[in-house]
Amino acid sequence: MTYADLQLKRIAAVQSNLCVGLDPRPDLIAGGDIESFVRKVMEETAPYAAAFKPNMAYFEALGSKGVAILERVLADRPREIPIILDAKRSDIGETQKYYAKACFEHLDVEAVTLNPFLGYDSLEPFLAYEGRGLFILTITSNAGSQDVQMQPCGEGRVFQKIQDMALRAPEGSTGMVLGLTNAEPEVLDKIADLPLLLPGLGAQGGDLQALAGQGRKAPILVNVSRGLLFAQDDRSFAQRAQDYRDQINAALNA
């Protein structure tokens, strides 16, 4: 089974394309108990989660304690929910092999985000793990995506050269990160039917209507982090997740 097959199976099981971003910010967590906070988020949102996406930065910033928290949480997680490790690793040769080992063997996640700037051979150590998935940064959700990713390159743009690497990879293994804030029609029309991870909904202000009528068959995951974890309202994590699930479904089925 390819990663795309696994992800489609989960999407179908819960009728949800919501990816729950796990970005624990100590300054916003009452009492500072990060592990309990993350576990509560995962427990409450599990019925609506197509995937969980822990961001390594928030755990690494706590040092060995934070990494240990992530290790314990992942060890106890519901195995039917794919984990996308938001690590954005990028290197060459043996170093990248060890990054792949850390992600797919030690943390045992189903997918990982990668920076493809170093070229296709930097993806190959991760592609060696059959059934695991890669999401390569293609068009990110920040304003600086205009600096490189959207620049002209040959007859197209830089992001299309990145897409060529995803198309070159074994079928079902590799998708793209596409910031919802930059998912304009002229961009989406150039994006192949590959797995998509779309950050930018919620606090970043991405517009779900950009996804309407796309008719894609590959898995689509819309990530929500701050808007789900730290919204200034009285709703539970479960209620927020259900609301985002419904918003995403409405847009995709429009």
# chains A, B, ... in the order shown; residues from 1 in each chain; ligands from 1
>>> residues_around(residues="Ile139 of chain A", least_positions_apart="5", cutoff="12 Å", atoms="only C-alpha atoms", output="ChimeraX atom specification")
/A:115-116,144-151,157-163,175-184,187-188,190-191,196-200
>>> closest_residue(among="A:Met42, A:Ile11, A:Ala169, A:Leu6", to="Leu74 of chain A", atoms="only C-alpha atoms")
A:Met42
>>> atom_distance(atom1="atom CA of Phe230 of chain A", atom2="atom CA of Gln7 of chain A")
26.2 Å
>>> closest_residue(among="A:Met165, A:Leu123, A:Leu18, A:Ile69", to="Asp33 of chain A", atoms="only C-alpha atoms")
A:Ile69
>>> atom_distance(atom1="atom CA of Ala13 of chain A", atom2="atom CA of Ile220 of chain A")
14.3 Å
>>> residues_around(residues="Ala12 of chain A", least_positions_apart="2", cutoff="12 Å", atoms="only C-alpha atoms", output="list in words")
Asp5, Leu6, Gln7, Leu8, Lys9, Arg10, Val14, Gln15, Ser16, Asn17, Leu18, Tyr48, Ala49, Ala50, Ile81, Pro219, Ile220 and Asn249 of chain A
>>> select_by_dssp(residues="segment 18-237 of chain A", states="strand (DSSP E)", output="PyMOL selection string")
chain A and resi 18-22+51-54+84-89+111-114+133-139+152-153+156-157+174-178+196-198+220-224
>>> write_last_selection(atoms="C-alpha atoms", output="PDB file, in the first residue's frame")
ATOM      1  CA  LEU A  18      -8.674  18.029   8.111  1.00  0.00           C
ATOM      2  CA  CYS A  19      -5.035  17.779   9.130  1.00  0.00           C
ATOM      3  CA  VAL A  20      -4.627  18.753  12.783  1.00  0.00           C
ATOM      4  CA  GLY A  21      -1.416  20.713  13.268  1.00  0.00           C
ATOM      5  CA  LEU A  22       0.310  20.052  16.588  1.00  0.00           C
ATOM      6  CA  ALA A  51      -3.904  13.232   9.831  1.00  0.00           C
ATOM      7  CA  PHE A  52      -1.900  14.783  12.654  1.00  0.00           C
ATOM      8  CA  LYS A  53       1.028  17.074  11.810  1.00  0.00           C
ATOM      9  CA  PRO A  54       3.461  17.712  14.681  1.00  0.00           C
ATOM     10  CA  ILE A  84       2.973  13.845   8.934  1.00  0.00           C
ATOM     11  CA  LEU A  85       6.138  15.028  10.651  1.00  0.00           C
ATOM     12  CA  ASP A  86       6.632  18.675   9.746  1.00  0.00           C
ATOM     13  CA  ALA A  87      10.427  18.650   9.798  1.00  0.00           C
ATOM     14  CA  LYS A  88      11.378  20.221   6.428  1.00  0.00           C
ATOM     15  CA  ARG A  89      14.654  18.274   6.425  1.00  0.00           C
ATOM     16  CA  ALA A 111       5.035  10.997   6.101  1.00  0.00           C
ATOM     17  CA  VAL A 112       7.396  13.925   6.403  1.00  0.00           C
ATOM     18  CA  THR A 113       7.818  17.389   4.909  1.00  0.00           C
ATOM     19  CA  LEU A 114      11.051  18.027   3.014  1.00  0.00           C
ATOM     20  CA  GLY A 133       5.156   9.616   2.126  1.00  0.00           C
ATOM     21  CA  LEU A 134       6.943  12.858   1.354  1.00  0.00           C
ATOM     22  CA  PHE A 135       5.475  16.334   1.062  1.00  0.00           C
ATOM     23  CA  ILE A 136       7.953  18.639  -0.631  1.00  0.00           C
ATOM     24  CA  LEU A 137       7.737  22.390  -0.168  1.00  0.00           C
ATOM     25  CA  THR A 138       6.360  23.729  -3.444  1.00  0.00           C
ATOM     26  CA  ILE A 139       4.469  26.952  -2.743  1.00  0.00           C
ATOM     27  CA  PRO A 152       9.928  32.615 -13.759  1.00  0.00           C
ATOM     28  CA  CYS A 153      12.047  29.597 -14.681  1.00  0.00           C
ATOM     29  CA  GLY A 156       7.182  28.145 -16.317  1.00  0.00           C
ATOM     30  CA  ARG A 157       7.941  29.044 -12.726  1.00  0.00           C
ATOM     31  CA  THR A 174       5.261  12.122  -2.971  1.00  0.00           C
ATOM     32  CA  GLY A 175       2.990  15.116  -2.671  1.00  0.00           C
ATOM     33  CA  MET A 176       3.402  18.847  -2.383  1.00  0.00           C
ATOM     34  CA  VAL A 177       2.969  21.539   0.237  1.00  0.00           C
ATOM     35  CA  LEU A 178       0.809  24.279  -1.234  1.00  0.00           C
ATOM     36  CA  LEU A 196      -1.537  18.033  -1.418  1.00  0.00           C
ATOM     37  CA  LEU A 197      -0.872  19.375   2.056  1.00  0.00           C
ATOM     38  CA  LEU A 198      -2.409  22.829   2.352  1.00  0.00           C
ATOM     39  CA  ILE A 220      -6.014  16.593  -0.073  1.00  0.00           C
ATOM     40  CA  LEU A 221      -5.178  17.605   3.484  1.00  0.00           C
ATOM     41  CA  VAL A 222      -6.018  21.059   4.800  1.00  0.00           C
ATOM     42  CA  ASN A 223      -3.950  21.844   7.876  1.00  0.00           C
ATOM     43  CA  VAL A 224      -5.185  23.933  10.788  1.00  0.00           C
TER      44      VAL A 224
END
>>> atom_distance(atom1="atom CA of Ile248 of chain A", atom2="atom CA of Leu229 of chain A")
17.2 Å
>>> select_by_dssp(residues="segment 3-197 of chain A", states="helix (DSSP H, G or I)", output="PyMOL selection string")
chain A and resi 3-14+26-28+30-32+34-48+56-60+64-75+93-106+116-118+120-122+124-127+143-146+158-168+180-182+185-188
>>> closest_residue(among="A:Gln242, A:Asp76, A:Thr95, A:Pro185", to="Leu228 of chain A", atoms="only C-alpha atoms")
A:Gln242
>>> closest_residue(among="A:Gln239, A:Ser90, A:Gly66, A:Asp207", to="Phe117 of chain A", atoms="only C-alpha atoms")
A:Ser90
>>> residues_around(residues="Asp91 of chain A", least_positions_apart="3", cutoff="8 Å", atoms="only C-alpha atoms", output="ChimeraX atom specification")
/A:95-96,118,122
>>> write_last_selection(atoms="all heavy atoms", output="PDB file, in the first residue's frame")
ATOM      1  N   THR A  95      24.061  12.204   5.312  1.00  0.00           N
ATOM      2  CA  THR A  95      23.318  12.973   6.307  1.00  0.00           C
ATOM      3  C   THR A  95      21.819  12.828   6.103  1.00  0.00           C
ATOM      4  O   THR A  95      21.061  12.627   7.058  1.00  0.00           O
ATOM      5  CB  THR A  95      23.700  14.464   6.222  1.00  0.00           C
ATOM      6  OG1 THR A  95      25.119  14.591   6.350  1.00  0.00           O
ATOM      7  CG2 THR A  95      23.025  15.255   7.326  1.00  0.00           C
ATOM      8  N   GLN A  96      21.380  12.896   4.856  1.00  0.00           N
ATOM      9  CA  GLN A  96      19.956  12.764   4.579  1.00  0.00           C
ATOM     10  C   GLN A  96      19.455  11.353   4.898  1.00  0.00           C
ATOM     11  O   GLN A  96      18.308  11.175   5.323  1.00  0.00           O
ATOM     12  CB  GLN A  96      19.669  13.122   3.117  1.00  0.00           C
ATOM     13  CG  GLN A  96      18.203  13.350   2.797  1.00  0.00           C
ATOM     14  CD  GLN A  96      17.648  14.672   3.310  1.00  0.00           C
ATOM     15  OE1 GLN A  96      18.058  15.177   4.346  1.00  0.00           O
ATOM     16  NE2 GLN A  96      16.709  15.234   2.573  1.00  0.00           N
ATOM     17  N   LEU A 118      17.785  21.086  -2.541  1.00  0.00           N
ATOM     18  CA  LEU A 118      19.045  20.428  -2.878  1.00  0.00           C
ATOM     19  C   LEU A 118      18.925  19.437  -4.029  1.00  0.00           C
ATOM     20  O   LEU A 118      19.907  18.828  -4.433  1.00  0.00           O
ATOM     21  CB  LEU A 118      19.641  19.728  -1.649  1.00  0.00           C
ATOM     22  CG  LEU A 118      20.472  20.623  -0.720  1.00  0.00           C
ATOM     23  CD1 LEU A 118      19.601  21.657  -0.024  1.00  0.00           C
ATOM     24  CD2 LEU A 118      21.218  19.798   0.308  1.00  0.00           C
ATOM     25  N   SER A 122      18.353  14.362  -2.970  1.00  0.00           N
ATOM     26  CA  SER A 122      18.152  14.567  -1.539  1.00  0.00           C
ATOM     27  C   SER A 122      16.831  13.944  -1.062  1.00  0.00           C
ATOM     28  O   SER A 122      16.626  13.763   0.139  1.00  0.00           O
ATOM     29  CB  SER A 122      18.179  16.061  -1.194  1.00  0.00           C
ATOM     30  OG  SER A 122      17.038  16.737  -1.702  1.00  0.00           O
TER      31      SER A 122
END
>>> closest_residue(among="A:Ser141, A:Tyr120, A:Gly227, A:Leu107", to="Ala241 of chain A", atoms="only C-alpha atoms")
A:Gly227
>>> closest_residue(among="A:Leu252, A:Pro24, A:Ser236, A:Pro195", to="Ala57 of chain A", atoms="only C-alpha atoms")
A:Pro24
